[in-house]
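Structure file my_file-v5.txt with compact mmCIF, C-alpha atoms:
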```txt
# COMPACT_ATOMS: atom_id res chain seq x y z
CA MET C 172 -23.71 27.94 -17.95
CA THR C 173 -25.96 28.66 -20.94
CA GLU C 174 -23.45 27.27 -23.45
CA GLN C 175 -23.19 24.08 -21.40
CA VAL C 176 -26.89 23.39 -22.07
CA VAL C 177 -25.99 23.12 -25.76
CA THR C 178 -22.66 21.34 -25.55
CA ILE C 179 -22.98 18.79 -22.71
CA PRO C 180 -25.50 16.49 -24.47
CA LEU C 181 -23.49 16.71 -27.71
CA VAL C 182 -20.20 15.93 -25.96
CA LEU C 183 -21.72 12.99 -24.06
CA LEU C 184 -23.10 11.61 -27.33
CA ALA C 185 -19.69 12.15 -28.92
CA GLY C 186 -18.13 9.90 -26.30
CA VAL C 187 -20.71 7.13 -26.85
CA VAL C 188 -20.35 7.39 -30.64
CA THR C 189 -16.58 7.15 -30.30
CA PHE C 190 -16.92 4.01 -28.19
CA ALA C 191 -19.27 2.47 -30.76
CA SER C 192 -17.14 3.47 -33.76
CA PRO C 193 -16.09 0.70 -36.18
CA CYS C 194 -12.42 0.96 -35.27
CA PHE C 195 -12.92 0.82 -31.49
CA LEU C 196 -15.93 -1.37 -30.66
CA PRO C 197 -14.43 -4.48 -32.34
CA VAL C 198 -11.32 -4.30 -30.09
CA VAL C 199 -13.30 -3.75 -26.88
CA PRO C 200 -13.11 -7.50 -26.04
CA VAL C 201 -9.32 -7.21 -26.06
CA PHE C 202 -9.39 -4.35 -23.55
CA VAL C 203 -12.00 -6.18 -21.47
CA GLY C 204 -9.72 -9.23 -21.38
CA TYR C 205 -6.79 -7.18 -20.11
CA VAL C 206 -8.87 -5.33 -17.51
CA SER C 207 -11.26 -8.05 -16.32
CA GLY C 208 -9.03 -11.05 -16.85
CA THR C 209 -9.49 -14.36 -18.62
CA ALA C 210 -11.73 -17.21 -17.52
CA GLU C 211 -8.86 -18.45 -15.34
CA THR C 212 -7.95 -15.08 -13.78
CA PHE C 213 -11.40 -13.45 -13.46
CA ARG C 214 -11.90 -12.27 -9.85
CA GLY C 215 -15.57 -11.35 -9.92
CA ARG C 216 -17.80 -8.58 -11.19
CA GLY C 217 -16.85 -6.09 -8.48
CA ALA C 218 -13.15 -6.42 -9.21
CA ALA C 219 -13.82 -6.09 -12.95
CA VAL C 220 -15.75 -2.84 -12.42
CA THR C 221 -12.94 -1.49 -10.23
CA GLN C 222 -10.29 -2.30 -12.83
CA ALA C 223 -12.44 -0.85 -15.63
CA SER C 224 -12.93 2.36 -13.62
CA VAL C 225 -9.15 2.68 -13.18
CA PHE C 226 -8.71 2.22 -16.95
CA VAL C 227 -11.29 4.95 -17.69
CA ALA C 228 -9.80 7.32 -15.09
CA ALA C 229 -6.33 6.83 -16.62
CA PHE C 230 -7.26 7.73 -20.20
CA ALA C 231 -9.50 10.56 -18.93
CA THR C 232 -6.45 11.97 -17.15
CA VAL C 233 -4.53 11.98 -20.44
CA PHE C 234 -7.38 13.75 -22.25
CA ILE C 235 -7.71 16.34 -19.49
CA ALA C 236 -3.94 16.91 -19.48
CA LEU C 237 -4.04 17.55 -23.24
CA TYR C 238 -6.82 20.06 -22.67
CA GLY C 239 -4.73 21.63 -19.92
CA LEU C 240 -1.88 22.19 -22.38
CA ILE C 241 -4.10 23.67 -25.08
CA GLY C 242 -7.38 24.89 -23.64
CA LEU C 243 -6.15 26.79 -20.61
CA ILE C 244 -3.96 28.98 -22.80
CA GLY C 245 -7.08 30.43 -24.43
CA HIS C 246 -8.69 31.24 -21.10
CA VAL C 247 -5.55 32.94 -19.81
CA ILE C 248 -5.42 35.33 -22.80
CA ASP C 249 -8.60 37.22 -21.95
CA ASP C 250 -7.97 40.11 -24.36
CA ARG C 251 -7.87 37.70 -27.33
CA GLN C 252 -11.13 35.89 -26.62
CA GLY C 253 -12.77 37.24 -29.78
CA LEU C 254 -9.97 35.95 -31.99
CA LEU C 255 -9.82 32.63 -30.17
CA ARG C 256 -13.57 32.24 -30.57
CA VAL C 257 -13.26 32.70 -34.34
CA ILE C 258 -10.34 30.26 -34.53
CA GLY C 259 -12.13 27.68 -32.39
CA GLY C 260 -15.36 27.96 -34.37
CA SER C 261 -13.44 27.64 -37.63
CA VAL C 262 -11.73 24.49 -36.36
CA LEU C 263 -15.13 22.98 -35.53
CA ILE C 264 -16.40 23.81 -39.01
CA VAL C 265 -13.36 22.16 -40.61
CA LEU C 266 -13.78 19.08 -38.41
CA GLY C 267 -17.47 19.01 -39.32
CA LEU C 268 -16.60 19.06 -43.01
CA ASN C 269 -14.24 16.16 -42.34
CA PHE C 270 -17.00 14.12 -40.67
CA VAL C 271 -19.46 14.87 -43.47
CA GLY C 272 -16.86 13.80 -46.02
CA LEU C 273 -16.57 17.08 -47.90
CA LEU C 274 -13.02 17.56 -46.69
CA ARG C 275 -10.45 14.88 -45.88
CA LEU C 276 -7.74 15.59 -43.33
CA PRO C 277 -5.26 12.68 -43.45
CA PHE C 278 -3.46 13.71 -40.26
CA LEU C 279 -6.67 13.09 -38.30
CA ASP C 280 -6.59 9.45 -39.40
CA ARG C 281 -3.08 8.82 -38.16
CA THR C 282 -2.53 6.83 -34.99
CA LEU C 283 0.23 7.49 -32.49
CA ARG C 284 0.43 4.00 -31.03
CA VAL C 285 1.79 3.38 -27.58
CA ASP C 286 1.84 -0.40 -27.30
CA TYR C 287 1.33 -2.06 -23.95
CA THR C 288 1.77 -5.78 -23.40
CA ASP C 289 1.38 -7.87 -20.28
CA ASP C 290 1.22 -11.50 -19.31
CA MET C 291 -2.48 -12.42 -19.59
CA SER C 292 -1.90 -15.45 -17.38
CA ARG C 293 -1.52 -13.14 -14.39
CA PRO C 294 -4.62 -11.79 -12.60
CA PRO C 295 -5.73 -8.21 -13.42
CA SER C 296 -4.22 -5.47 -11.28
CA VAL C 297 -4.60 -1.75 -10.74
CA LYS C 298 -1.15 -1.25 -12.28
CA ARG C 299 -2.15 -3.10 -15.46
CA SER C 300 -5.40 -1.15 -15.82
CA LEU C 301 -3.64 2.14 -15.11
CA LEU C 302 -0.87 1.57 -17.65
CA LEU C 303 -3.32 0.28 -20.26
CA GLY C 304 -5.52 3.36 -19.81
CA LEU C 305 -2.54 5.72 -20.10
CA ALA C 306 -1.34 3.89 -23.22
CA PHE C 307 -4.80 4.10 -24.76
CA GLY C 308 -5.12 7.80 -23.96
CA ALA C 309 -1.67 8.63 -25.32
CA GLY C 310 -2.05 6.44 -28.39
CA TRP C 311 -5.56 7.53 -29.36
CA THR C 312 -7.11 5.72 -32.35
CA PRO C 313 -8.18 7.01 -35.78
CA CYS C 314 -11.74 7.24 -34.43
CA VAL C 315 -10.87 8.97 -31.16
CA GLY C 316 -8.65 11.62 -32.74
CA PRO C 317 -11.20 13.66 -34.77
CA MET C 318 -13.92 13.48 -32.11
CA LEU C 319 -11.51 14.29 -29.31
CA GLY C 320 -10.17 17.23 -31.33
CA ALA C 321 -13.70 18.58 -31.74
CA VAL C 322 -14.45 18.19 -28.02
CA MET C 323 -11.16 19.87 -27.07
CA THR C 324 -12.04 22.78 -29.35
CA LEU C 325 -15.44 23.10 -27.69
CA ALA C 326 -13.73 22.97 -24.29
CA ALA C 327 -11.17 25.60 -25.25
CA THR C 328 -13.88 28.01 -26.44
CA GLY C 329 -16.14 27.44 -23.43
CA GLU C 330 -17.28 30.01 -20.91
CA SER C 331 -14.44 29.23 -18.51
CA ALA C 332 -11.55 26.86 -17.90
CA TRP C 333 -13.70 24.90 -15.44
CA ALA C 334 -16.50 24.60 -17.99
CA GLY C 335 -13.99 23.25 -20.51
CA LEU C 336 -12.67 20.80 -17.94
CA GLY C 337 -16.23 19.64 -17.34
CA LEU C 338 -16.69 18.92 -21.05
CA MET C 339 -13.56 16.76 -21.11
CA VAL C 340 -14.92 14.81 -18.13
CA VAL C 341 -18.30 14.38 -19.88
CA PHE C 342 -16.60 13.09 -23.04
CA SER C 343 -14.54 10.64 -21.00
CA LEU C 344 -17.71 9.41 -19.27
CA GLY C 345 -19.46 8.93 -22.60
CA LEU C 346 -16.50 6.90 -23.83
CA GLY C 347 -15.82 5.08 -20.57
CA LEU C 348 -19.17 4.21 -19.00
CA PRO C 349 -20.17 1.73 -21.76
CA PHE C 350 -16.82 0.00 -21.20
CA VAL C 351 -17.44 -0.22 -17.45
CA ALA C 352 -20.95 -1.54 -18.09
CA ILE C 353 -19.63 -4.30 -20.36
CA CYS C 354 -17.03 -5.26 -17.76
CA ALA C 355 -19.85 -5.38 -15.20
CA GLY C 356 -21.57 -8.02 -17.28
CA ALA C 357 -23.92 -6.01 -19.51
CA SER C 358 -23.12 -8.25 -22.47
CA GLY C 359 -26.13 -7.07 -24.46
CA LEU C 360 -24.85 -3.49 -24.45
CA ALA C 361 -22.21 -4.14 -27.12
CA GLY C 362 -24.88 -5.54 -29.41
CA ARG C 363 -27.06 -2.48 -28.96
CA LEU C 364 -24.14 -0.16 -29.65
CA ARG C 365 -23.52 -1.93 -32.95
CA TRP C 366 -26.42 0.15 -34.26
CA PHE C 367 -23.92 3.01 -34.50
CA MET C 368 -21.64 0.84 -36.63
CA VAL C 369 -24.46 -0.16 -38.97
CA HIS C 370 -25.49 3.47 -39.37
CA ARG C 371 -21.96 4.86 -39.29
CA ARG C 372 -22.37 7.12 -42.33
CA GLU C 373 -25.56 8.69 -41.01
CA VAL C 374 -24.06 9.18 -37.53
CA GLU C 375 -20.90 10.80 -38.93
CA THR C 376 -22.92 13.10 -41.21
CA THR C 377 -25.20 14.18 -38.37
CA THR C 378 -22.20 14.75 -36.11
CA GLY C 379 -20.48 16.80 -38.79
CA VAL C 380 -23.52 19.00 -39.39
CA LEU C 381 -23.90 19.62 -35.64
CA LEU C 382 -20.22 20.55 -35.35
CA MET C 383 -20.52 23.02 -38.23
CA VAL C 384 -23.66 24.59 -36.75
CA ILE C 385 -22.01 25.00 -33.35
CA GLY C 386 -18.88 26.35 -35.06
CA PHE C 387 -20.92 29.06 -36.77
CA LEU C 388 -22.73 29.85 -33.51
CA ILE C 389 -19.41 30.17 -31.66
CA ILE C 390 -17.98 32.50 -34.31
CA ALA C 391 -21.13 34.64 -34.18
CA ASP C 392 -21.17 34.42 -30.36
CA LEU C 393 -24.73 33.04 -30.46
CA THR C 394 -24.43 29.90 -28.35
CA GLY C 395 -25.88 31.72 -25.34
CA TRP C 396 -28.76 32.96 -27.49
CA LEU C 397 -29.53 29.40 -28.64
CA ALA C 398 -29.33 27.98 -25.12
CA GLY C 399 -31.75 30.60 -23.90
CA ARG C 400 -34.36 29.37 -26.38
CA LEU C 401 -34.07 25.68 -25.57
CA PRO C 402 -36.78 24.15 -23.36
CA THR C 403 -35.71 23.74 -19.74
CA PRO C 404 -36.70 20.85 -17.46
CA VAL C 405 -39.59 21.60 -15.12
```
Rewritten as structure tokens:
Amino acid sequence: MTEQVVTIPLVLLAGVVTFASPCFLPVVPVFVGYVSGTAETFRGRGAAVTQASVFVAAFATVFIALYGLIGLIGHVIDDRQGLLRVIGGSVLIVLGLNFVGLLRLPFLDRTLRVDYTDDMSRPPSVKRSLLLGLAFGAGWTPCVGPMLGAVMTLAATGESAWAGLGLMVVFSLGLGLPFVAICAGASGLAGRLRWFMVHRREVETTTGVLLMVIGFLIIADLTGWLAGRLPTPV
């Protein structure tokens, strides 16, 4: 539980930053059009929120399944936790260096695209939102890949498999809730999130430094020590 105090806010912020990234936020209107419908097929705010929630749940399922394939292995091998902690912390440090710009990892900028097309003249449906969410989760984007990799590493080195699962859910919420809010009619939200695009370099540098710090803390097994010195809500 102590490590969660450190990682949950960071992971939630990672999801929001990913949503507001320059290679995702500009295409949000396209996803909103598929999920909510066009002016001719729009069925109301409630239906749009429902479809958006299905979309978010679908890509969250893909992310959690990926964690299940990778993260649970580390929690099963209890006698190798020390080695896994060092490997996980090292991965976070490398990803942090990538965000800061001191190290470029080309494979993190590749996109495995799973294209999904549908007739936009038809009204939105649960099937469309579900398939679109699965395609998005499987395809990733250049911006989702590095951040998702960092979150998965944090999840895999967490206190337990359930704690890691919780982090994947938090990341999905950070990425998905702004999308649901926009589908619900919060049109001004996209404009506010553009702050992250304007200050992209500063956000990436800060994220990278935080990842490196947490990586060092994980290697040294000091995340619990740090959490114990953070102020707690009254």
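Counting all atoms listed in the file, the residue from C:Leu319, C:Ile235, C:Val297, C:Ala306 that sits nearest to Gly335 of chain C is C:Ile235.
Atom CA of Gly259 of chain C is found 5.8 Å from atom CA of Thr324 of chain C.
Each of C:Leu183, C:Ala355, C:Ile264, C:Ala332 was compared to Ala223 of chain C using all atoms listed in the file, and C:Ala355 turns out to be the nearest.
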Within 7 Å of (-10.5, 27.5, -28.4), all atoms listed in the file: residues as a ChimeraX atom specification? /C:242,245,255-256,258-259,324-328
Could you give me, as an MDAnalysis selection string, the residues within 9 Å of Val315 of chain C, counting all atoms listed in the file and dropping anything in the same chain fewer than 4 positions from it? chainID C and resid 186 189:190 192 195 311 319:320
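Using only C-alpha atoms, the nearest neighbour of Pro200 of chain C within the list C:Phe387, C:Phe307, C:Phe350, C:Phe226 is C:Phe350.
Between atom CA of Pro317 of chain C and atom CA of Val233 of chain C the separation is 15.9 Å.
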What's around segment 373-383 of chain C at 10 Å? Count all atoms listed in the file, leave out sequence neighbours fewer than 4 positions away in its own chain, and write the answer as number ranges by chain. C: 181, 184-185, 188, 192, 260-273, 318, 321-322, 325, 366-369, 387-389
Selection to disk with C-alpha atoms, as a tab-separated table (two decimals), keeping the file's coordinate frame:
```tsv
chain	number	residue	atom	x	y	z
C	181	LEU	CA	-23.49	16.71	-27.71
C	184	LEU	CA	-23.10	11.61	-27.33
C	185	ALA	CA	-19.69	12.15	-28.92
C	188	VAL	CA	-20.35	7.39	-30.64
C	192	SER	CA	-17.14	3.47	-33.76
C	260	GLY	CA	-15.36	27.96	-34.37
C	261	SER	CA	-13.44	27.64	-37.63
C	262	VAL	CA	-11.73	24.49	-36.36
C	263	LEU	CA	-15.13	22.98	-35.53
C	264	ILE	CA	-16.40	23.81	-39.01
C	265	VAL	CA	-13.36	22.16	-40.61
C	266	LEU	CA	-13.78	19.08	-38.41
C	267	GLY	CA	-17.47	19.01	-39.32
C	268	LEU	CA	-16.60	19.06	-43.01
C	269	ASN	CA	-14.24	16.16	-42.34
C	270	PHE	CA	-17.00	14.12	-40.67
C	271	VAL	CA	-19.46	14.87	-43.47
C	272	GLY	CA	-16.86	13.80	-46.02
C	273	LEU	CA	-16.57	17.08	-47.90
C	318	MET	CA	-13.92	13.48	-32.11
C	321	ALA	CA	-13.70	18.58	-31.74
C	322	VAL	CA	-14.45	18.19	-28.02
C	325	LEU	CA	-15.44	23.10	-27.69
C	366	TRP	CA	-26.42	0.15	-34.26
C	367	PHE	CA	-23.92	3.01	-34.50
C	368	MET	CA	-21.64	0.84	-36.63
C	369	VAL	CA	-24.46	-0.16	-38.97
C	387	PHE	CA	-20.92	29.06	-36.77
C	388	LEU	CA	-22.73	29.85	-33.51
C	389	ILE	CA	-19.41	30.17	-31.66
```
Give me the residues within 6 Å of segment 201-209 of chain C as an NGL selection string, counting only C-alpha atoms and dropping any in the same chain fewer than 3 places off. :C and (198 or 212-213 or 219 or 222 or 295 or 300)
Take the residues from that selection and write them out as a PDB file, in the frame of the given file, keeping C-alpha atoms.
```pdb
ATOM      1  CA  VAL C 198     -11.320  -4.300 -30.090  1.00  0.00           C
ATOM      2  CA  THR C 212      -7.950 -15.080 -13.780  1.00  0.00           C
ATOM      3  CA  PHE C 213     -11.400 -13.450 -13.460  1.00  0.00           C
ATOM      4  CA  ALA C 219     -13.820  -6.090 -12.950  1.00  0.00           C
ATOM      5  CA  GLN C 222     -10.290  -2.300 -12.830  1.00  0.00           C
ATOM      6  CA  PRO C 295      -5.730  -8.210 -13.420  1.00  0.00           C
ATOM      7  CA  SER C 300      -5.400  -1.150 -15.820  1.00  0.00           C
TER       8      SER C 300
END
```
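Across the model, the gap from atom CA of Ile353 of chain C to atom CA of Arg216 of chain C is 10.3 Å.
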Name all residues at most 9 Å from Ala231 of chain C (count all atoms listed in the file; drop same-chain ones fewer than 3 positions away) and give them as number ranges by chain. C: 226-228, 234-236, 304-305, 308, 339-340, 342-344, 347
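When only C-alpha atoms are used to compute distances to Glu211 of chain C, the closest of the residues C:His370, C:Arg299, C:Arg293, C:Arg275 turns out to be C:Arg293.
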